[in-house]
file coords_16.txt (compact mmCIF, C-alpha atoms)
# COMPACT_ATOMS: atom_id res chain seq x y z
CA MET N 1 13.44 -29.11 -11.19
CA ILE N 2 10.07 -29.20 -9.43
CA PRO N 3 7.17 -27.87 -11.54
CA ILE N 4 4.94 -25.60 -9.47
CA PRO N 5 1.37 -25.32 -10.82
CA THR N 6 -0.32 -21.97 -11.35
CA VAL N 7 -3.77 -20.48 -10.91
CA THR N 8 -5.19 -17.53 -12.84
CA LEU N 9 -5.58 -14.22 -11.02
CA ASN N 10 -8.60 -11.97 -11.57
CA ASP N 11 -6.54 -9.96 -14.08
CA GLY N 12 -5.70 -13.03 -16.17
CA VAL N 13 -2.11 -13.48 -14.95
CA ALA N 14 -0.85 -17.01 -14.21
CA PHE N 15 0.22 -17.10 -10.56
CA PRO N 16 2.22 -19.90 -8.87
CA GLU N 17 0.59 -21.95 -6.13
CA LEU N 18 3.76 -21.66 -4.03
CA GLY N 19 6.51 -19.04 -3.91
CA LEU N 20 9.73 -18.00 -2.20
CA GLY N 21 9.86 -15.55 0.68
CA THR N 22 13.11 -13.58 0.61
CA TYR N 23 13.05 -11.70 3.92
CA ASN N 24 16.61 -11.36 5.24
CA LEU N 25 18.20 -12.87 2.12
CA ARG N 26 20.87 -10.28 1.46
CA GLY N 27 24.33 -9.93 -0.06
CA GLU N 28 26.00 -12.54 -2.20
CA GLU N 29 24.67 -15.36 -0.06
CA GLY N 30 21.14 -14.04 -0.52
CA ILE N 31 21.58 -13.76 -4.28
CA ALA N 32 22.91 -17.33 -4.44
CA ALA N 33 19.98 -18.60 -2.37
CA ILE N 34 17.44 -16.94 -4.67
CA VAL N 35 19.18 -18.24 -7.80
CA ALA N 36 19.14 -21.74 -6.27
CA ALA N 37 15.42 -21.42 -5.63
CA ILE N 38 14.76 -20.44 -9.24
CA ASP N 39 16.84 -23.44 -10.34
CA THR N 40 14.67 -25.63 -8.10
CA GLY N 41 11.50 -24.43 -9.82
CA TYR N 42 10.34 -21.37 -7.89
CA ARG N 43 8.87 -18.70 -10.14
CA LEU N 44 7.30 -16.39 -7.53
CA LEU N 45 9.81 -14.22 -5.63
CA ASP N 46 8.52 -12.04 -2.80
CA THR N 47 10.40 -8.93 -1.65
CA ALA N 48 9.54 -5.47 -0.28
CA VAL N 49 11.05 -2.03 0.18
CA ASN N 50 11.29 -2.73 3.91
CA TYR N 51 13.18 -6.00 3.39
CA GLU N 52 16.08 -3.99 1.96
CA ASN N 53 16.92 -6.73 -0.54
CA GLU N 54 15.27 -5.65 -3.77
CA ARG N 55 18.75 -5.28 -5.29
CA GLU N 56 19.55 -8.90 -4.48
CA VAL N 57 16.28 -10.18 -5.93
CA GLY N 58 16.83 -8.25 -9.15
CA GLU N 59 20.39 -9.50 -9.44
CA ALA N 60 19.24 -13.10 -8.92
CA VAL N 61 16.73 -12.65 -11.73
CA ARG N 62 19.51 -11.43 -14.02
CA ARG N 63 21.88 -14.25 -13.07
CA SER N 64 19.30 -16.98 -13.54
CA PRO N 65 19.07 -18.64 -16.96
CA VAL N 66 15.28 -18.76 -16.59
CA ASP N 67 13.48 -16.38 -18.94
CA ARG N 68 12.43 -13.17 -17.22
CA ASP N 69 8.83 -13.56 -18.38
CA GLU N 70 8.53 -16.82 -16.44
CA LEU N 71 9.21 -15.08 -13.13
CA ILE N 72 6.76 -13.20 -10.91
CA VAL N 73 8.66 -10.58 -8.90
CA THR N 74 6.64 -9.06 -6.05
CA SER N 75 7.44 -5.90 -4.13
CA LYS N 76 5.52 -3.82 -1.59
CA ILE N 77 4.90 -0.16 -0.88
CA PRO N 78 5.67 0.69 2.77
CA GLY N 79 3.38 2.75 4.97
CA ARG N 80 5.62 5.81 4.78
CA HIS N 81 5.03 5.95 1.00
CA HIS N 82 1.23 6.13 1.12
CA GLY N 83 -0.55 8.58 -1.17
CA PHE N 84 -1.24 8.75 -4.92
CA GLN N 85 2.03 10.24 -6.17
CA GLN N 86 4.01 8.74 -3.31
CA ALA N 87 2.91 5.26 -4.42
CA ILE N 88 4.03 5.88 -8.00
CA ASP N 89 7.35 7.29 -6.78
CA SER N 90 7.83 4.28 -4.47
CA ILE N 91 7.25 1.89 -7.37
CA ARG N 92 9.78 3.76 -9.49
CA GLY N 93 12.24 3.52 -6.61
CA SER N 94 11.69 -0.22 -6.36
CA LEU N 95 12.21 -0.61 -10.09
CA GLY N 96 15.51 1.22 -9.73
CA MET N 97 16.63 -1.02 -6.87
CA LEU N 98 15.52 -4.18 -8.68
CA GLY N 99 17.05 -3.05 -11.95
CA LEU N 100 13.97 -4.35 -13.78
CA ASP N 101 11.64 -2.68 -16.25
CA ARG N 102 8.49 -3.85 -14.47
CA ILE N 103 7.25 -5.31 -11.21
CA ASP N 104 5.00 -8.30 -11.78
CA LEU N 105 2.97 -7.95 -8.57
CA GLN N 106 2.92 -4.77 -6.52
CA LEU N 107 1.31 -4.81 -3.08
CA ILE N 108 0.45 -2.22 -0.44
CA HIS N 109 2.45 -3.68 2.45
CA TRP N 110 -0.17 -2.78 5.03
CA PRO N 111 -3.13 -0.38 5.18
CA ASN N 112 -1.49 2.01 7.67
CA PRO N 113 -4.96 2.87 9.00
CA SER N 114 -3.78 5.64 11.35
CA VAL N 115 -2.77 7.65 8.26
CA GLY N 116 -5.81 6.59 6.24
CA LYS N 117 -4.37 7.01 2.75
CA TYR N 118 -4.65 3.46 1.47
CA VAL N 119 -7.40 4.35 -1.02
CA GLU N 120 -5.25 7.11 -2.55
CA THR N 121 -2.33 4.70 -2.55
CA TRP N 122 -4.46 2.16 -4.38
CA ARG N 123 -5.40 4.77 -6.97
CA GLY N 124 -1.68 5.41 -7.50
CA MET N 125 -1.10 1.71 -8.03
CA VAL N 126 -3.90 1.56 -10.59
CA GLU N 127 -2.23 4.44 -12.41
CA ALA N 128 1.16 2.69 -12.23
CA ARG N 129 -0.42 -0.39 -13.80
CA GLU N 130 -1.87 1.72 -16.60
CA ARG N 131 1.59 3.18 -17.21
CA GLY N 132 3.09 -0.31 -17.48
CA LEU N 133 5.26 -0.01 -14.38
CA VAL N 134 3.55 -3.02 -12.78
CA ARG N 135 1.51 -5.90 -14.15
CA SER N 136 -0.71 -7.00 -11.26
CA ILE N 137 -1.67 -5.06 -8.14
CA GLY N 138 -2.77 -6.24 -4.73
CA VAL N 139 -2.51 -5.62 -1.01
CA SER N 140 -1.19 -7.17 2.17
CA ASN N 141 -2.69 -7.31 5.66
CA PHE N 142 -6.06 -5.86 4.56
CA THR N 143 -9.35 -6.75 6.23
CA GLU N 144 -12.60 -7.53 4.45
CA ALA N 145 -13.90 -4.01 5.15
CA MET N 146 -10.75 -2.40 3.76
CA LEU N 147 -10.88 -4.53 0.63
CA ALA N 148 -14.50 -3.59 0.08
CA GLU N 149 -13.60 0.10 0.51
CA LEU N 150 -10.96 -0.14 -2.23
CA VAL N 151 -13.38 -1.77 -4.64
CA ASP N 152 -16.21 0.64 -3.85
CA ALA N 153 -13.94 3.67 -4.30
CA THR N 154 -12.14 2.61 -7.48
CA GLY N 155 -13.98 -0.29 -9.09
CA VAL N 156 -10.68 -2.21 -9.11
CA THR N 157 -10.45 -5.42 -7.09
CA PRO N 158 -7.02 -6.42 -5.74
CA ALA N 159 -5.60 -9.49 -7.43
CA VAL N 160 -3.98 -10.69 -4.19
CA ASN N 161 -4.20 -10.13 -0.44
CA GLN N 162 -1.11 -11.41 1.36
CA VAL N 163 -1.87 -12.13 5.02
CA GLU N 164 -0.67 -14.07 8.03
CA LEU N 165 -2.08 -17.54 7.53
CA HIS N 166 -1.12 -20.91 9.01
CA PRO N 167 -2.89 -23.77 10.84
CA TYR N 168 -2.92 -21.79 14.07
CA PHE N 169 -4.57 -18.87 12.22
CA PRO N 170 -6.49 -20.26 9.22
CA GLN N 171 -8.43 -17.05 8.47
CA SER N 172 -11.56 -18.86 7.30
CA ALA N 173 -13.80 -15.76 7.10
CA LEU N 174 -11.23 -13.71 5.18
CA ARG N 175 -10.53 -16.58 2.79
CA ALA N 176 -14.24 -16.94 2.12
CA PHE N 177 -14.42 -13.21 1.32
CA HIS N 178 -11.46 -13.56 -1.04
CA ALA N 179 -13.08 -16.49 -2.81
CA GLU N 180 -16.35 -14.62 -3.20
CA HIS N 181 -14.61 -11.61 -4.76
CA GLY N 182 -11.98 -13.37 -6.86
CA ILE N 183 -9.01 -12.29 -4.72
CA ARG N 184 -6.11 -14.73 -4.43
CA THR N 185 -5.03 -15.44 -0.86
CA GLU N 186 -1.28 -15.47 -0.26
CA SER N 187 0.15 -16.72 3.04
CA TRP N 188 3.00 -15.09 4.91
CA SER N 189 4.42 -16.96 7.90
CA PRO N 190 2.85 -20.14 6.42
CA LEU N 191 4.72 -22.38 8.89
CA ALA N 192 3.88 -20.28 11.97
CA ARG N 193 7.48 -19.31 12.63
CA ARG N 194 8.90 -19.61 16.13
CA SER N 195 6.07 -21.86 17.25
CA GLU N 196 5.70 -25.56 17.99
CA LEU N 197 3.43 -26.08 14.97
CA LEU N 198 5.64 -28.62 13.22
CA GLN N 199 5.79 -30.71 16.40
CA GLU N 200 2.01 -31.12 16.54
CA GLN N 201 1.13 -34.83 16.80
CA LEU N 202 -1.47 -34.53 14.03
CA LEU N 203 1.08 -33.19 11.56
CA GLN N 204 3.62 -35.81 12.58
CA GLU N 205 1.06 -38.55 11.97
CA LEU N 206 -0.06 -37.15 8.61
CA ALA N 207 3.54 -36.89 7.53
CA VAL N 208 3.91 -40.64 8.04
CA VAL N 209 0.65 -41.37 6.22
CA HIS N 210 1.70 -39.35 3.16
CA ASP N 211 5.41 -40.19 3.22
CA ALA N 212 6.13 -36.50 3.65
CA THR N 213 7.50 -34.13 6.27
CA PRO N 214 5.36 -32.04 8.64
CA THR N 215 6.50 -28.97 6.71
CA GLN N 216 5.24 -30.48 3.46
CA VAL N 217 1.92 -31.39 5.06
CA VAL N 218 1.39 -27.79 6.20
CA LEU N 219 2.34 -26.33 2.84
CA ARG N 220 0.07 -28.81 1.08
CA TRP N 221 -2.73 -27.69 3.43
CA HIS N 222 -2.20 -24.12 2.22
CA VAL N 223 -2.38 -25.21 -1.41
CA GLN N 224 -5.63 -27.11 -0.85
CA LEU N 225 -7.14 -24.13 0.95
CA GLY N 226 -6.57 -22.14 -2.23
CA SER N 227 -3.76 -20.02 -0.82
CA THR N 228 -0.23 -19.47 -2.13
CA PRO N 229 2.32 -19.93 0.70
CA ILE N 230 5.68 -18.16 0.46
CA PRO N 231 8.03 -19.98 2.85
CA LYS N 232 11.53 -18.59 3.20
CA SER N 233 14.60 -20.80 2.96
CA ALA N 234 18.21 -20.11 2.05
CA GLY N 235 19.22 -23.77 1.67
CA PRO N 236 18.65 -25.72 -1.56
CA ASP N 237 17.59 -28.88 0.30
CA ARG N 238 14.94 -27.06 2.30
CA GLN N 239 13.84 -25.13 -0.77
CA ARG N 240 13.30 -28.41 -2.56
CA GLU N 241 11.41 -29.89 0.40
CA ASN N 242 9.14 -26.85 0.57
CA ALA N 243 8.34 -26.96 -3.15
CA ASP N 244 7.77 -30.71 -3.37
CA VAL N 245 4.14 -30.72 -2.20
CA PHE N 246 2.28 -31.43 -5.41
CA GLY N 247 2.67 -35.21 -5.45
CA PHE N 248 0.18 -36.03 -2.70
CA THR N 249 -3.27 -34.88 -1.61
CA LEU N 250 -4.78 -34.47 1.84
CA THR N 251 -8.32 -35.69 2.35
CA ASP N 252 -11.03 -33.16 3.18
CA ASP N 253 -11.13 -34.53 6.73
CA GLN N 254 -7.37 -34.08 7.07
CA VAL N 255 -7.58 -30.49 5.84
CA GLU N 256 -10.35 -29.80 8.37
CA ALA N 257 -8.36 -31.44 11.17
CA ILE N 258 -5.34 -29.23 10.43
CA SER N 259 -7.57 -26.16 10.38
CA ALA N 260 -8.93 -27.19 13.77
CA LEU N 261 -5.49 -26.51 15.29
CA GLU N 262 -6.55 -22.85 15.24
CA ARG N 263 -5.30 -20.70 18.13
CA GLY N 264 -5.26 -17.21 16.67
CA ARG N 265 -2.76 -14.70 15.34
CA LEU N 266 0.86 -15.26 16.39
CA TRP N 267 2.49 -12.15 14.93
CA ASP N 268 2.12 -9.10 17.19
CA GLY N 269 4.84 -6.86 15.74
CA ASP N 270 5.00 -4.42 12.86
CA PRO N 271 3.23 -6.10 9.91
CA GLU N 272 5.69 -4.44 7.54
CA THR N 273 8.61 -6.40 8.98
CA HIS N 274 7.04 -9.85 9.01
CA GLU N 275 9.08 -12.82 7.96
CA GLU N 276 7.67 -15.41 5.58
CA MET N 277 9.01 -18.39 7.48
call {"tool": "encode", "arguments": {"input": "coords_16.txt", "output": "structure tokens"}}
result
Amino acid sequence: MIPIPTVTLNDGVAFPELGLGTYNLRGEEGIAAIVAAIDTGYRLLDTAVNYENEREVGEAVRRSPVDRDELIVTSKIPGRHHGFQQAIDSIRGSLGMLGLDRIDLQLIHWPNPSVGKYVETWRGMVEARERGLVRSIGVSNFTEAMLAELVDATGVTPAVNQVELHPYFPQSALRAFHAEHGIRTESWSPLARRSELLQEQLLQELAVVHDATPTQVVLRWHVQLGSTPIPKSAGPDRQRENADVFGFTLTDDQVEAISALERGRLWDGDPETHEEM
């Protein structure tokens, strides 16, 4: 088993420095893949209403011999469930699908700005936390201005903001805002899926230097930026490769060189259906 270190969120919860994305892991094969990841050492499991696999994640948690309190199960409220009571109802629905008595980290999947109810949704999540339905609350795909609006309106700072982040889109300004306000950055699409990122000469060369793979170099870059990547993998070998990034360290110059690969955002679809590859 690979031990994955933790950091402490602004609400005092220990949060893994690397987790498992579960998008598209469904059915018995999906359950088996998630159980295998837990066996490997993963303790952070990321799902969402829109992934339509909360049932599988909950079943994997039940099948695993790992104590429930060691696992951080994340789910997300979709845009169609925005509003104070709608958020609470959505969380209760997720709990029913998961078959669990709490969600460890609940996120707003995206701000849904055309509707403009993310502040009310956030208030509903604060209430759900007070009722013990969730432990930590955060957001996904929020900008600095939107984060500031939540804090100004409620006095409650999100514990996490899960955003697209990879060497082609390092999000330096947003990460700096997170660091200033005690918000943990979490990276979806940490390997810039469906791109040539892993073929970049720089990453190939650094992989040789560190006796690692290009994938491991990128995931280590995330860790050293202070972000928790959530790569998705159904295979135990790849799961192990993805998690085994805590035995080497990139130099500051190497981190900066990887960040200099920046090109911009790659994902141009619905942010609620992103994959964490």
call {"tool": "axis_aligned_box", "arguments": {"input": "coords_16.txt", "around": "segment 105-110 of chain N", "padding_each_side": "8 Å", "output": "AutoDock Vina command-line options"}}
result
--center_x 1.4 --center_y -5.1 --center_z -1.8 --size_x 19.1 --size_y 21.7 --size_z 29.6
call {"tool": "residues_around", "arguments": {"input": "coords_16.txt", "residues": "Asp244 of chain N", "least_positions_apart": "4", "cutoff": "10 Å", "atoms": "all atoms listed in the file", "output": "JSON, numbers by chain"}}
result
{"N": [1, 2, 3, 4, 18, 40, 41, 212, 216, 219, 220, 238, 239, 240, 248]}
call {"tool": "residues_around", "arguments": {"input": "coords_16.txt", "residues": "segment 59-74 of chain N", "least_positions_apart": "6", "cutoff": "10 Å", "atoms": "all atoms listed in the file", "output": "VMD selection string"}}
result
chain N and resid 13 to 16 19 21 28 30 to 39 41 to 48 53 97 to 100 102 to 107 134 to 138
call {"tool": "write_last_selection", "arguments": {"input": "coords_16.txt", "atoms": "C-alpha atoms", "output": "mmCIF file, keeping the file's coordinate frame"}}
result
data_model
loop_
_atom_site.group_PDB
_atom_site.id
_atom_site.type_symbol
_atom_site.label_atom_id
_atom_site.label_comp_id
_atom_site.auth_asym_id
_atom_site.auth_seq_id
_atom_site.Cartn_x
_atom_site.Cartn_y
_atom_site.Cartn_z
ATOM 1 C CA VAL N 13 -2.110 -13.480 -14.950
ATOM 2 C CA ALA N 14 -0.850 -17.010 -14.210
ATOM 3 C CA PHE N 15 0.220 -17.100 -10.560
ATOM 4 C CA PRO N 16 2.220 -19.900 -8.870
ATOM 5 C CA GLY N 19 6.510 -19.040 -3.910
ATOM 6 C CA GLY N 21 9.860 -15.550 0.680
ATOM 7 C CA GLU N 28 26.000 -12.540 -2.200
ATOM 8 C CA GLY N 30 21.140 -14.040 -0.520
ATOM 9 C CA ILE N 31 21.580 -13.760 -4.280
ATOM 10 C CA ALA N 32 22.910 -17.330 -4.440
ATOM 11 C CA ALA N 33 19.980 -18.600 -2.370
ATOM 12 C CA ILE N 34 17.440 -16.940 -4.670
ATOM 13 C CA VAL N 35 19.180 -18.240 -7.800
ATOM 14 C CA ALA N 36 19.140 -21.740 -6.270
ATOM 15 C CA ALA N 37 15.420 -21.420 -5.630
ATOM 16 C CA ILE N 38 14.760 -20.440 -9.240
ATOM 17 C CA ASP N 39 16.840 -23.440 -10.340
ATOM 18 C CA GLY N 41 11.500 -24.430 -9.820
ATOM 19 C CA TYR N 42 10.340 -21.370 -7.890
ATOM 20 C CA ARG N 43 8.870 -18.700 -10.140
ATOM 21 C CA LEU N 44 7.300 -16.390 -7.530
ATOM 22 C CA LEU N 45 9.810 -14.220 -5.630
ATOM 23 C CA ASP N 46 8.520 -12.040 -2.800
ATOM 24 C CA THR N 47 10.400 -8.930 -1.650
ATOM 25 C CA ALA N 48 9.540 -5.470 -0.280
ATOM 26 C CA ASN N 53 16.920 -6.730 -0.540
ATOM 27 C CA MET N 97 16.630 -1.020 -6.870
ATOM 28 C CA LEU N 98 15.520 -4.180 -8.680
ATOM 29 C CA GLY N 99 17.050 -3.050 -11.950
ATOM 30 C CA LEU N 100 13.970 -4.350 -13.780
ATOM 31 C CA ARG N 102 8.490 -3.850 -14.470
ATOM 32 C CA ILE N 103 7.250 -5.310 -11.210
ATOM 33 C CA ASP N 104 5.000 -8.300 -11.780
ATOM 34 C CA LEU N 105 2.970 -7.950 -8.570
ATOM 35 C CA GLN N 106 2.920 -4.770 -6.520
ATOM 36 C CA LEU N 107 1.310 -4.810 -3.080
ATOM 37 C CA VAL N 134 3.550 -3.020 -12.780
ATOM 38 C CA ARG N 135 1.510 -5.900 -14.150
ATOM 39 C CA SER N 136 -0.710 -7.000 -11.260
ATOM 40 C CA ILE N 137 -1.670 -5.060 -8.140
ATOM 41 C CA GLY N 138 -2.770 -6.240 -4.730
#
call {"tool": "atom_distance", "arguments": {"input": "coords_16.txt", "atom1": "atom CA of Asn141 of chain N", "atom2": "atom CA of Leu202 of chain N"}}
result
28.5 Å
call {"tool": "closest_residue", "arguments": {"input": "coords_16.txt", "among": "N:Gly235, N:Glu144, N:Leu95, N:Gln162", "to": "Glu180 of chain N", "atoms": "all atoms listed in the file"}}
result
N:Glu144
call {"tool": "closest_residue", "arguments": {"input": "coords_16.txt", "among": "N:Gln85, N:Ser114, N:Thr228, N:Gln201", "to": "Ser189 of chain N", "atoms": "all atoms listed in the file"}}
result
N:Thr228
call {"tool": "closest_residue", "arguments": {"input": "coords_16.txt", "among": "N:Leu250, N:Val49, N:Val57, N:Phe84", "to": "His210 of chain N", "atoms": "only C-alpha atoms"}}
result
N:Leu250
call {"tool": "residues_around", "arguments": {"input": "coords_16.txt", "residues": "Gly264 of chain N", "least_positions_apart": "5", "cutoff": "12 Å", "atoms": "all atoms listed in the file", "output": "list of chain:residue names"}}
result
N:Glu164, N:Leu165, N:His166, N:Pro167, N:Tyr168, N:Phe169, N:Pro170, N:Gln171, N:Ser172, N:Ala192, N:Ser259
call {"tool": "closest_residue", "arguments": {"input": "coords_16.txt", "among": "N:Pro231, N:Pro214, N:Pro78, N:Pro111", "to": "Arg193 of chain N", "atoms": "only C-alpha atoms"}}
result
N:Pro231
call {"tool": "closest_residue", "arguments": {"input": "coords_16.txt", "among": "N:Ser94, N:Thr185, N:Leu9, N:Arg80", "to": "Glu54 of chain N", "atoms": "all atoms listed in the file"}}
result
N:Ser94
call {"tool": "closest_residue", "arguments": {"input": "coords_16.txt", "among": "N:Glu17, N:Glu262, N:Glu241, N:Glu127", "to": "Pro5 of chain N", "atoms": "all atoms listed in the file"}}
result
N:Glu17
call {"tool": "residues_around", "arguments": {"input": "coords_16.txt", "residues": "Ser90 of chain N", "least_positions_apart": "4", "cutoff": "7 Å", "atoms": "all atoms listed in the file", "output": "list in words"}}
result
Ile77, His81, Gln86 and Ser94 of chain N
call {"tool": "atom_distance", "arguments": {"input": "coords_16.txt", "atom1": "atom CA of Ile230 of chain N", "atom2": "atom CA of Leu25 of chain N"}}
result
13.7 Å
call {"tool": "atom_distance", "arguments": {"input": "coords_16.txt", "atom1": "atom CA of Gly155 of chain N", "atom2": "atom CA of Gly182 of chain N"}}
result
13.4 Å
call {"tool": "residues_near_point", "arguments": {"input": "coords_16.txt", "point": "(0.7, -14.1, 2.1)", "cutoff": "6 Å", "atoms": "all atoms listed in the file", "output": "list of chain:residue names"}}
result
N:Gln162, N:Val163, N:Glu186, N:Ser187, N:Trp188
